[in-house]
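File shown: coords04.pdb (PDB, C-alpha atoms, pLDDT in the B column).
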```pdb
ATOM      1  CA  MET A  45     -24.281   7.962  -0.111  1.00 50.00           C
ATOM      2  CA  GLY A  46     -26.705   5.096   0.494  1.00 62.00           C
ATOM      3  CA  ASN A  47     -25.308   3.039  -2.411  1.00 82.00           C
ATOM      4  CA  ALA A  48     -21.781   3.372  -1.056  1.00 88.00           C
ATOM      5  CA  ALA A  49     -22.922   2.198   2.393  1.00 87.00           C
ATOM      6  CA  ALA A  50     -24.839  -0.742   0.927  1.00 85.00           C
ATOM      7  CA  LYS A  51     -21.785  -1.733  -1.108  1.00 90.00           C
ATOM      8  CA  GLU A  52     -19.542  -1.544   1.979  1.00 92.00           C
ATOM      9  CA  ILE A  53     -21.946  -3.701   3.993  1.00 91.00           C
ATOM     10  CA  LYS A  54     -22.190  -6.279   1.203  1.00 90.00           C
ATOM     11  CA  GLU A  55     -18.457  -6.484   0.576  1.00 91.00           C
ATOM     12  CA  THR A  56     -17.320  -6.530   4.217  1.00 93.00           C
ATOM     13  CA  GLU A  57     -16.312 -10.026   5.282  1.00 96.00           C
ATOM     14  CA  LEU A  58     -16.610 -11.078   8.908  1.00 97.00           C
ATOM     15  CA  ALA A  59     -13.896 -12.764  10.957  1.00 97.00           C
ATOM     16  CA  ASP A  60     -14.143 -14.682  14.227  1.00 97.00           C
ATOM     17  CA  GLY A  61     -14.176 -12.744  17.484  1.00 97.00           C
ATOM     18  CA  SER A  62     -11.857 -13.480  20.411  1.00 97.00           C
ATOM     19  CA  LEU A  63     -14.651 -14.681  22.689  1.00 97.00           C
ATOM     20  CA  SER A  64     -14.652 -18.012  20.850  1.00 93.00           C
ATOM     21  CA  LYS A  65     -11.425 -18.779  22.729  1.00 93.00           C
ATOM     22  CA  ASP A  66     -12.117 -16.904  25.965  1.00 94.00           C
ATOM     23  CA  ASP A  67     -15.623 -15.730  26.873  1.00 94.00           C
ATOM     24  CA  SER A  68     -14.593 -14.079  30.148  1.00 93.00           C
ATOM     25  CA  LEU A  69     -15.332 -10.626  28.682  1.00 96.00           C
ATOM     26  CA  SER A  70     -18.887 -11.581  27.695  1.00 97.00           C
ATOM     27  CA  VAL A  71     -21.894 -10.294  29.629  1.00 96.00           C
ATOM     28  CA  VAL A  72     -23.253 -13.848  29.703  1.00 95.00           C
ATOM     29  CA  PRO A  73     -21.384 -16.757  28.029  1.00 95.00           C
ATOM     30  CA  SER A  74     -24.595 -18.186  26.558  1.00 95.00           C
ATOM     31  CA  PHE A  75     -25.018 -15.001  24.482  1.00 96.00           C
ATOM     32  CA  VAL A  76     -21.700 -15.562  22.667  1.00 97.00           C
ATOM     33  CA  SER A  77     -22.180 -16.864  19.118  1.00 97.00           C
ATOM     34  CA  LYS A  78     -20.973 -20.459  18.755  1.00 96.00           C
ATOM     35  CA  GLU A  79     -21.305 -20.407  14.964  1.00 96.00           C
ATOM     36  CA  PRO A  80     -21.802 -17.770  12.270  1.00 97.00           C
ATOM     37  CA  LEU A  81     -25.428 -16.695  12.395  1.00 97.00           C
ATOM     38  CA  THR A  82     -28.030 -14.157  11.385  1.00 96.00           C
ATOM     39  CA  ALA A  83     -30.226 -12.728  14.141  1.00 96.00           C
ATOM     40  CA  LYS A  84     -33.406 -10.675  14.021  1.00 94.00           C
ATOM     41  CA  ALA A  85     -35.867  -9.086  16.432  1.00 92.00           C
ATOM     42  CA  LYS A  86     -39.152 -10.853  17.129  1.00 90.00           C
ATOM     43  CA  GLY A  87     -41.394  -9.069  19.622  1.00 89.00           C
ATOM     44  CA  LYS A  88     -39.402  -8.546  22.803  1.00 91.00           C
ATOM     45  CA  SER A  89     -36.811 -11.151  21.812  1.00 94.00           C
ATOM     46  CA  TRP A  90     -33.878 -11.544  19.482  1.00 95.00           C
ATOM     47  CA  ILE A  91     -33.794 -14.891  17.715  1.00 96.00           C
ATOM     48  CA  ASN A  92     -31.589 -16.928  15.417  1.00 96.00           C
ATOM     49  CA  ALA A  93     -33.208 -16.172  12.038  1.00 94.00           C
ATOM     50  CA  GLU A  94     -32.584 -19.696  10.740  1.00 95.00           C
ATOM     51  CA  SER A  95     -33.410 -21.911  13.725  1.00 95.00           C
ATOM     52  CA  GLU A  96     -35.728 -19.361  15.425  1.00 95.00           C
ATOM     53  CA  ASP A  97     -34.108 -20.227  18.764  1.00 95.00           C
ATOM     54  CA  ILE A  98     -34.389 -17.328  21.209  1.00 96.00           C
ATOM     55  CA  ILE A  99     -31.039 -15.676  21.960  1.00 96.00           C
ATOM     56  CA  PHE A 100     -32.359 -13.379  24.691  1.00 96.00           C
ATOM     57  CA  THR A 101     -35.530 -11.602  25.709  1.00 95.00           C
ATOM     58  CA  SER A 102     -35.777  -8.059  27.040  1.00 93.00           C
ATOM     59  CA  LYS A 103     -38.407  -6.444  29.209  1.00 90.00           C
ATOM     60  CA  SER A 104     -38.698  -2.678  29.524  1.00 88.00           C
ATOM     61  CA  VAL A 105     -39.641  -1.360  32.962  1.00 86.00           C
ATOM     62  CA  GLY A 106     -40.846   2.233  33.372  1.00 77.00           C
ATOM     63  CA  MET A 107     -41.211   5.094  30.907  1.00 70.00           C
ATOM     64  CA  ILE A 108     -39.158   8.259  31.577  1.00 66.00           C
ATOM     65  CA  LYS A 109     -37.141   6.618  34.341  1.00 66.00           C
ATOM     66  CA  SER A 110     -36.598   3.196  32.874  1.00 79.00           C
ATOM     67  CA  HIS A 111     -34.367   0.182  32.585  1.00 91.00           C
ATOM     68  CA  SER A 112     -34.423  -3.068  30.637  1.00 93.00           C
ATOM     69  CA  LEU A 113     -34.229  -6.560  32.095  1.00 94.00           C
ATOM     70  CA  ILE A 114     -32.331  -9.076  29.967  1.00 96.00           C
ATOM     71  CA  GLN A 115     -33.581 -12.645  30.292  1.00 95.00           C
ATOM     72  CA  ASP A 116     -31.694 -15.796  29.337  1.00 95.00           C
ATOM     73  CA  PRO A 117     -33.848 -18.579  27.835  1.00 94.00           C
ATOM     74  CA  THR A 118     -31.155 -21.151  28.637  1.00 89.00           C
ATOM     75  CA  ALA A 119     -31.551 -20.269  32.337  1.00 89.00           C
ATOM     76  CA  GLU A 120     -35.339 -20.656  32.432  1.00 89.00           C
ATOM     77  CA  GLY A 121     -35.855 -16.985  31.638  1.00 87.00           C
ATOM     78  CA  ALA A 122     -33.805 -15.722  34.578  1.00 93.00           C
ATOM     79  CA  VAL A 123     -32.809 -12.042  34.544  1.00 93.00           C
ATOM     80  CA  VAL A 124     -29.058 -12.086  33.899  1.00 95.00           C
ATOM     81  CA  ALA A 125     -28.411  -8.402  33.168  1.00 96.00           C
ATOM     82  CA  VAL A 126     -29.967  -4.960  33.444  1.00 95.00           C
ATOM     83  CA  VAL A 127     -29.460  -2.074  31.024  1.00 96.00           C
ATOM     84  CA  ILE A 128     -29.628   1.466  32.416  1.00 94.00           C
ATOM     85  CA  THR A 129     -29.200   4.813  30.692  1.00 91.00           C
ATOM     86  CA  GLU A 130     -26.902   7.064  32.704  1.00 90.00           C
ATOM     87  CA  LYS A 131     -26.854   9.964  30.253  1.00 89.00           C
ATOM     88  CA  MET A 132     -28.767  10.850  27.117  1.00 88.00           C
ATOM     89  CA  THR A 133     -28.803  13.981  24.973  1.00 88.00           C
ATOM     90  CA  MET A 134     -29.764  14.663  21.364  1.00 87.00           C
ATOM     91  CA  THR A 135     -26.308  13.566  20.221  1.00 91.00           C
ATOM     92  CA  THR A 136     -24.960  11.244  22.938  1.00 93.00           C
ATOM     93  CA  VAL A 137     -26.001   8.163  24.881  1.00 93.00           C
ATOM     94  CA  LEU A 138     -24.171   6.521  27.787  1.00 94.00           C
ATOM     95  CA  ASN A 139     -25.539   3.145  28.861  1.00 95.00           C
ATOM     96  CA  PHE A 140     -24.331   0.654  31.424  1.00 96.00           C
ATOM     97  CA  ILE A 141     -24.971  -3.072  31.435  1.00 97.00           C
ATOM     98  CA  CYS A 142     -25.166  -4.327  35.001  1.00 97.00           C
ATOM     99  CA  ARG A 143     -25.007  -7.801  36.528  1.00 96.00           C
ATOM    100  CA  THR A 144     -25.794  -9.164  39.989  1.00 94.00           C
ATOM    101  CA  SER A 145     -22.171 -10.134  40.695  1.00 95.00           C
ATOM    102  CA  PRO A 146     -19.185  -7.774  41.059  1.00 95.00           C
ATOM    103  CA  THR A 147     -16.894  -7.346  38.084  1.00 94.00           C
ATOM    104  CA  PHE A 148     -13.856  -6.987  40.336  1.00 93.00           C
ATOM    105  CA  GLU A 149     -13.128  -7.487  44.032  1.00 93.00           C
ATOM    106  CA  GLY A 150     -14.319  -4.572  46.149  1.00 92.00           C
ATOM    107  CA  GLN A 151     -16.675  -3.132  43.530  1.00 94.00           C
ATOM    108  CA  ASP A 152     -19.600  -1.198  44.994  1.00 93.00           C
ATOM    109  CA  PRO A 153     -23.122  -1.948  43.730  1.00 94.00           C
ATOM    110  CA  LEU A 154     -25.394   0.703  42.251  1.00 93.00           C
ATOM    111  CA  SER A 155     -26.439   3.182  44.929  1.00 91.00           C
ATOM    112  CA  LYS A 156     -30.059   3.770  45.919  1.00 90.00           C
ATOM    113  CA  ASP A 157     -29.955   7.071  44.018  1.00 90.00           C
ATOM    114  CA  GLU A 158     -28.708   5.310  40.882  1.00 91.00           C
ATOM    115  CA  LEU A 159     -31.408   2.652  41.192  1.00 90.00           C
ATOM    116  CA  LYS A 160     -34.094   5.293  41.699  1.00 88.00           C
ATOM    117  CA  LYS A 161     -32.850   7.269  38.698  1.00 88.00           C
ATOM    118  CA  ALA A 162     -33.095   4.099  36.593  1.00 89.00           C
ATOM    119  CA  GLY A 163     -36.698   3.521  37.632  1.00 88.00           C
ATOM    120  CA  PHE A 164     -36.262   0.710  40.135  1.00 88.00           C
ATOM    121  CA  LYS A 165     -38.975   0.399  42.756  1.00 83.00           C
ATOM    122  CA  GLU A 166     -38.124   0.189  46.455  1.00 77.00           C
ATOM    123  CA  GLU A 167     -38.935  -3.517  46.587  1.00 71.00           C
ATOM    124  CA  ASP A 168     -36.475  -4.115  43.744  1.00 74.00           C
ATOM    125  CA  GLU A 169     -33.648  -2.343  45.524  1.00 72.00           C
ATOM    126  CA  GLU A 170     -32.868  -5.430  47.604  1.00 80.00           C
ATOM    127  CA  THR A 171     -31.137  -6.938  44.569  1.00 87.00           C
ATOM    128  CA  LYS A 172     -27.638  -5.564  44.146  1.00 92.00           C
ATOM    129  CA  TYR A 173     -26.492  -4.639  40.648  1.00 95.00           C
ATOM    130  CA  TYR A 174     -22.921  -3.951  39.581  1.00 96.00           C
ATOM    131  CA  LYS A 175     -21.750  -2.102  36.479  1.00 96.00           C
ATOM    132  CA  TYR A 176     -20.139  -4.549  34.083  1.00 97.00           C
ATOM    133  CA  SER A 177     -19.748  -2.656  30.821  1.00 97.00           C
ATOM    134  CA  LYS A 178     -20.677   0.598  29.110  1.00 96.00           C
ATOM    135  CA  ILE A 179     -21.861   1.721  25.702  1.00 97.00           C
ATOM    136  CA  ASP A 180     -20.766   5.226  24.771  1.00 97.00           C
ATOM    137  CA  THR A 181     -22.397   6.514  21.584  1.00 96.00           C
ATOM    138  CA  THR A 182     -22.164   9.773  19.658  1.00 95.00           C
ATOM    139  CA  ARG A 183     -24.665  10.522  16.904  1.00 92.00           C
ATOM    140  CA  LYS A 184     -24.797  12.975  14.006  1.00 87.00           C
ATOM    141  CA  MET A 185     -27.548  13.587  11.465  1.00 81.00           C
ATOM    142  CA  THR A 186     -27.131  10.401   9.426  1.00 83.00           C
ATOM    143  CA  ALA A 187     -24.159   8.651  11.036  1.00 88.00           C
ATOM    144  CA  ALA A 188     -23.107   7.530  14.510  1.00 94.00           C
ATOM    145  CA  LYS A 189     -20.229   5.858  16.352  1.00 96.00           C
ATOM    146  CA  SER A 190     -20.258   3.704  19.459  1.00 97.00           C
ATOM    147  CA  THR A 191     -17.697   2.154  21.803  1.00 98.00           C
ATOM    148  CA  TYR A 192     -18.350  -0.852  24.030  1.00 98.00           C
ATOM    149  CA  SER A 193     -16.006  -1.253  27.014  1.00 97.00           C
ATOM    150  CA  VAL A 194     -15.825  -3.711  29.912  1.00 97.00           C
ATOM    151  CA  VAL A 195     -15.101  -2.590  33.469  1.00 96.00           C
ATOM    152  CA  THR A 196     -11.691  -3.801  34.671  1.00 94.00           C
ATOM    153  CA  GLY A 197     -11.301  -2.046  38.038  1.00 94.00           C
ATOM    154  CA  LYS A 198     -11.233   1.293  39.841  1.00 91.00           C
ATOM    155  CA  ASP A 199      -9.274   4.222  38.482  1.00 88.00           C
ATOM    156  CA  GLU A 200      -6.365   5.670  40.416  1.00 78.00           C
ATOM    157  CA  ASP A 201      -8.355   8.216  42.456  1.00 71.00           C
ATOM    158  CA  ASN A 202     -11.294   5.801  43.004  1.00 66.00           C
ATOM    159  CA  SER A 203     -13.692   8.272  41.393  1.00 67.00           C
ATOM    160  CA  GLY A 204     -14.706   5.887  38.628  1.00 88.00           C
ATOM    161  CA  PHE A 205     -13.685   2.786  36.697  1.00 94.00           C
ATOM    162  CA  THR A 206     -11.005   1.662  34.319  1.00 95.00           C
ATOM    163  CA  PHE A 207     -12.204   0.013  31.111  1.00 96.00           C
ATOM    164  CA  GLN A 208     -11.060  -2.308  28.350  1.00 96.00           C
ATOM    165  CA  VAL A 209     -12.486  -1.505  24.930  1.00 98.00           C
ATOM    166  CA  LEU A 210     -13.922  -4.628  23.293  1.00 98.00           C
ATOM    167  CA  TYR A 211     -16.013  -3.368  20.367  1.00 98.00           C
ATOM    168  CA  THR A 212     -16.501  -0.275  18.245  1.00 98.00           C
ATOM    169  CA  GLY A 213     -19.533   0.286  16.049  1.00 97.00           C
ATOM    170  CA  GLU A 214     -20.298   2.668  13.214  1.00 96.00           C
ATOM    171  CA  LYS A 215     -23.631   3.531  11.649  1.00 94.00           C
ATOM    172  CA  LEU A 216     -23.018   4.291   8.009  1.00 92.00           C
ATOM    173  CA  SER A 217     -24.525   7.307   6.289  1.00 87.00           C
ATOM    174  CA  ALA A 218     -27.569   5.852   4.507  1.00 81.00           C
ATOM    175  CA  MET A 219     -31.359   6.117   4.380  1.00 77.00           C
ATOM    176  CA  GLY A 220     -31.881   2.809   6.159  1.00 81.00           C
ATOM    177  CA  PHE A 221     -29.949   1.374   9.087  1.00 89.00           C
ATOM    178  CA  MET A 222     -26.545  -0.022   8.153  1.00 91.00           C
ATOM    179  CA  ALA A 223     -23.780  -0.601  10.680  1.00 95.00           C
ATOM    180  CA  LEU A 224     -20.441  -2.342  11.087  1.00 97.00           C
ATOM    181  CA  PHE A 225     -19.067  -3.673  14.379  1.00 98.00           C
ATOM    182  CA  LYS A 226     -15.383  -4.310  14.971  1.00 98.00           C
ATOM    183  CA  GLU A 227     -13.164  -5.926  17.579  1.00 98.00           C
ATOM    184  CA  GLY A 228      -9.941  -4.031  17.112  1.00 97.00           C
ATOM    185  CA  ASP A 229      -9.465  -3.798  13.342  1.00 97.00           C
ATOM    186  CA  THR A 230     -11.484  -6.953  12.681  1.00 97.00           C
ATOM    187  CA  CYS A 231     -15.116  -6.712  11.595  1.00 98.00           C
ATOM    188  CA  VAL A 232     -17.060  -9.327  13.585  1.00 98.00           C
ATOM    189  CA  ALA A 233     -20.670  -8.282  12.875  1.00 98.00           C
ATOM    190  CA  LYS A 234     -22.769  -6.147  10.544  1.00 96.00           C
ATOM    191  CA  ALA A 235     -26.393  -5.083  10.473  1.00 94.00           C
ATOM    192  CA  ALA A 236     -28.670  -3.703   7.780  1.00 91.00           C
ATOM    193  CA  THR A 237     -32.329  -3.234   6.996  1.00 84.00           C
ATOM    194  CA  SER A 238     -33.747  -4.919   3.929  1.00 72.00           C
ATOM    195  CA  GLY A 239     -36.290  -3.354   1.586  1.00 62.00           C
ATOM    196  CA  MET A 240     -39.035  -1.444   3.408  1.00 57.00           C
ATOM    197  CA  SER A 241     -38.403  -3.168   6.738  1.00 63.00           C
ATOM    198  CA  PHE A 242     -37.422  -0.985   9.704  1.00 66.00           C
ATOM    199  CA  SER A 243     -35.963  -3.958  11.592  1.00 77.00           C
ATOM    200  CA  PRO A 244     -32.500  -5.014  10.418  1.00 83.00           C
ATOM    201  CA  PHE A 245     -30.881  -8.401  10.360  1.00 92.00           C
ATOM    202  CA  LEU A 246     -27.627  -8.835  12.266  1.00 96.00           C
ATOM    203  CA  GLU A 247     -24.914 -11.044  10.834  1.00 97.00           C
ATOM    204  CA  ALA A 248     -22.300 -12.170  13.344  1.00 98.00           C
ATOM    205  CA  ALA A 249     -19.189 -14.328  13.181  1.00 98.00           C
ATOM    206  CA  VAL A 250     -18.182 -16.917  15.776  1.00 98.00           C
ATOM    207  CA  GLY A 251     -17.117 -15.638  19.196  1.00 98.00           C
ATOM    208  CA  VAL A 252     -19.198 -12.450  19.321  1.00 98.00           C
ATOM    209  CA  ASP A 253     -21.144 -11.137  22.324  1.00 98.00           C
ATOM    210  CA  LEU A 254     -24.520 -10.794  20.619  1.00 98.00           C
ATOM    211  CA  LEU A 255     -26.110  -8.879  23.497  1.00 97.00           C
ATOM    212  CA  ALA A 256     -23.354  -6.251  23.491  1.00 98.00           C
ATOM    213  CA  ILE A 257     -23.515  -5.792  19.716  1.00 97.00           C
ATOM    214  CA  ILE A 258     -27.320  -5.570  19.612  1.00 96.00           C
ATOM    215  CA  LEU A 259     -27.419  -3.040  22.460  1.00 96.00           C
ATOM    216  CA  MET A 260     -24.821  -0.956  20.622  1.00 96.00           C
ATOM    217  CA  GLY A 261     -27.095  -1.140  17.597  1.00 94.00           C
ATOM    218  CA  TYR A 262     -30.018   0.335  19.531  1.00 91.00           C
ATOM    219  CA  THR A 263     -28.037   3.442  20.381  1.00 93.00           C
ATOM    220  CA  LEU A 264     -26.603   3.760  16.882  1.00 93.00           C
ATOM    221  CA  ALA A 265     -30.130   3.565  15.458  1.00 87.00           C
ATOM    222  CA  GLY A 266     -31.236   6.565  17.469  1.00 79.00           C
ATOM    223  CA  GLY A 267     -32.750   5.102  20.628  1.00 55.00           C
ATOM    224  CA  ASP A 268     -31.577   5.195  24.224  1.00 45.00           C
ATOM    225  CA  GLY A 269     -30.731   1.531  24.296  1.00 47.00           C
ATOM    226  CA  ASN A 270     -33.921   0.583  26.115  1.00 45.00           C
ATOM    227  CA  ALA A 271     -33.997  -2.874  24.590  1.00 45.00           C
ATOM    228  CA  GLY A 272     -37.543  -3.849  25.454  1.00 39.00           C
ATOM    229  CA  ALA A 273     -39.163  -0.730  24.111  1.00 36.00           C
ATOM    230  CA  LEU A 274     -37.142  -0.603  20.906  1.00 39.00           C
ATOM    231  CA  ALA A 275     -37.490  -4.266  20.035  1.00 40.00           C
ATOM    232  CA  GLY A 276     -41.221  -4.056  20.618  1.00 35.00           C
ATOM    233  CA  ALA A 277     -41.495  -1.012  18.410  1.00 32.00           C
ATOM    234  CA  GLY A 278     -39.455  -2.673  15.687  1.00 33.00           C
ATOM    235  CA  VAL A 279     -36.910   0.147  15.590  1.00 35.00           C
ATOM    236  CA  ILE A 280     -34.078  -2.323  15.385  1.00 34.00           C
TER     237      ILE A 280
END
```

Output the structure of this file as structure tokens.
Amino acid sequence: MGNAAAKEIKETELADGSLSKDDSLSVVPSFVSKEPLTAKAKGKSWINAESEDIIFTSKSVGMIKSHSLIQDPTAEGAVVAVVITEKMTMTTVLNFICRTSPTFEGQDPLSKDELKKAGFKEEDEETKYYKYSKIDTTRKMTAAKSTYSVVTGKDEDNSGFTFQVLYTGEKLSAMGFMALFKEGDTCVAKAATSGMSFSPFLEAAVGVDLLAIILMGYTLAGGDGNAGALAGAGVI
């Protein structure tokens, strides 16, 4: 079981993602890989393992009611996205990545109830956040699957959103963490732990939204996608 997964990870070759040509579907363009790279967690940040340049930093706010602030080092540490957990059970996780600008014309921001549920304080509610993308993950005992989709507009009855699937992820059945991430049928990233380490390395091709892939990885690994808490704990 584990040997088969390790063999699949080793033999899977990566191909460039579409965001190298058009980064309009990225959460933040600066988080799109400009060259093939290996990334790893370091404290509350994810860094390029070779250059040690910070890709992004996350800060967890709250405990039970919580959200994560994603900071961009190329923008002087400005918060460029917020990750909230809308639903979590023993076998499923539904996360939304939110930005401060609408994804489409006429989009409503998160309501006060949604902000409160995510652990925002009253003084933080002045900032408007809009749902940009979602991570929908289903987990089993040793395996898991995840879908990452970008909001494209309202659905026909205005009760929710329409989405465009960008990535799918699969946690392979193994003792450690091993996962493959695809754009369509093309594998664009893979992650695996090494030796006794609980924190995997992520290999990504050119044109990949590293934030989206890493956040998918959190949920595949068994967390709720709360990036700050998980990175700090070294879960992934």

If the PyMOL selection byres ((chain A and resi 135-143) around 8) is run on the structure shown, which residues does it catch, given as a PDB file with C-alpha atoms, in the coordinates of the input?
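Wrote part.pdb, looks like this:
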```
ATOM      1  CA  VAL A  71     -21.894 -10.294  29.629  1.00 96.00           C
ATOM      2  CA  VAL A 124     -29.058 -12.086  33.899  1.00 95.00           C
ATOM      3  CA  ALA A 125     -28.411  -8.402  33.168  1.00 96.00           C
ATOM      4  CA  VAL A 126     -29.967  -4.960  33.444  1.00 95.00           C
ATOM      5  CA  VAL A 127     -29.460  -2.074  31.024  1.00 96.00           C
ATOM      6  CA  ILE A 128     -29.628   1.466  32.416  1.00 94.00           C
ATOM      7  CA  THR A 129     -29.200   4.813  30.692  1.00 91.00           C
ATOM      8  CA  GLU A 130     -26.902   7.064  32.704  1.00 90.00           C
ATOM      9  CA  LYS A 131     -26.854   9.964  30.253  1.00 89.00           C
ATOM     10  CA  MET A 132     -28.767  10.850  27.117  1.00 88.00           C
ATOM     11  CA  THR A 133     -28.803  13.981  24.973  1.00 88.00           C
ATOM     12  CA  MET A 134     -29.764  14.663  21.364  1.00 87.00           C
ATOM     13  CA  THR A 144     -25.794  -9.164  39.989  1.00 94.00           C
ATOM     14  CA  SER A 145     -22.171 -10.134  40.695  1.00 95.00           C
ATOM     15  CA  PRO A 146     -19.185  -7.774  41.059  1.00 95.00           C
ATOM     16  CA  TYR A 173     -26.492  -4.639  40.648  1.00 95.00           C
ATOM     17  CA  TYR A 174     -22.921  -3.951  39.581  1.00 96.00           C
ATOM     18  CA  LYS A 175     -21.750  -2.102  36.479  1.00 96.00           C
ATOM     19  CA  TYR A 176     -20.139  -4.549  34.083  1.00 97.00           C
ATOM     20  CA  SER A 177     -19.748  -2.656  30.821  1.00 97.00           C
ATOM     21  CA  LYS A 178     -20.677   0.598  29.110  1.00 96.00           C
ATOM     22  CA  ILE A 179     -21.861   1.721  25.702  1.00 97.00           C
ATOM     23  CA  ASP A 180     -20.766   5.226  24.771  1.00 97.00           C
ATOM     24  CA  THR A 181     -22.397   6.514  21.584  1.00 96.00           C
ATOM     25  CA  THR A 182     -22.164   9.773  19.658  1.00 95.00           C
ATOM     26  CA  ARG A 183     -24.665  10.522  16.904  1.00 92.00           C
ATOM     27  CA  LYS A 184     -24.797  12.975  14.006  1.00 87.00           C
ATOM     28  CA  THR A 263     -28.037   3.442  20.381  1.00 93.00           C
ATOM     29  CA  ASP A 268     -31.577   5.195  24.224  1.00 45.00           C
ATOM     30  CA  GLY A 269     -30.731   1.531  24.296  1.00 47.00           C
TER      31      GLY A 269
END
```

Residues selected by the PyMOL selection byres ((chain A and resi 57) around 12), written as number ranges by chain | A: 51-56, 58-60, 80, 224-226, 230-234, 247-249

From CA of Ser217 in chain A to CA of Asn47 in chain A the spacing works out at 9.7 Å

Output the residue selection produced by the PyMOL selection byres ((chain A and resi 259) around 9) on the file above, formatted as a count of residues only.
-> 15

I'd like the contact shell of Leu210 in chain A - 9 Å cut-off, all atoms listed in the file, skipping same-chain residues fewer than 2 positions apart - returned as a PDB file with C-alpha atoms, in the frame of the given file.
```pdb
ATOM      1  CA  LEU A  69     -15.332 -10.626  28.682  1.00 96.00           C
ATOM      2  CA  THR A 191     -17.697   2.154  21.803  1.00 98.00           C
ATOM      3  CA  TYR A 192     -18.350  -0.852  24.030  1.00 98.00           C
ATOM      4  CA  SER A 193     -16.006  -1.253  27.014  1.00 97.00           C
ATOM      5  CA  VAL A 194     -15.825  -3.711  29.912  1.00 97.00           C
ATOM      6  CA  GLN A 208     -11.060  -2.308  28.350  1.00 96.00           C
ATOM      7  CA  THR A 212     -16.501  -0.275  18.245  1.00 98.00           C
ATOM      8  CA  LYS A 226     -15.383  -4.310  14.971  1.00 98.00           C
ATOM      9  CA  GLU A 227     -13.164  -5.926  17.579  1.00 98.00           C
ATOM     10  CA  GLY A 228      -9.941  -4.031  17.112  1.00 97.00           C
TER      11      GLY A 228
END
```

Is there a way to get, as a VMD selection string, all residues within 6 Å of the point (-36.6, -10.1, 23.7) in file coordinates, counting only C-alpha atoms?
-> chain A and resid 88 to 90 100 to 102

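Relative to CA of Gly61 in chain A, CA of Tyr211 in chain A is found at 10.0 Å.
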
Counting only C-alpha atoms, closest pick from A:Ser77, A:Thr118, A:Thr186, A:Ser64 relative to Glu214 in chain A is A:Thr186

Shortest contact to Ala49 in chain A, candidates A:Phe207, A:Thr196, A:Pro117, A:Ala187, atoms counted all atoms listed in the file, goes to A:Ala187

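Using only C-alpha atoms, the protein and nucleic acid residues lying no more than 6 Å from range 73-76 of chain A, apart from those fewer than 2 places from it along its own chain, are Asp67, Ser70, Gly251, Val252, Asp253 and Leu254 of chain A.
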
Work out how far apart CA of Ala235 in chain A and CA of Met219 in chain A are and give it in Å to one decimal.
->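 About the pair CA of Ala235 in chain A and CA of Met219 in chain A: they are 13.7 Å apart.
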
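Nearest-residue note for Glu94 in chain A: choosing from A:Ala162, A:Leu216, A:Thr82, A:Glu170, the minimum distance belongs to A:Thr82, counting all atoms listed in the file.
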
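Nearest-residue note for Gly121 in chain A: choosing from A:Lys103, A:Asp199, A:Ser190, A:Asp66, the minimum distance belongs to A:Lys103, counting only C-alpha atoms.
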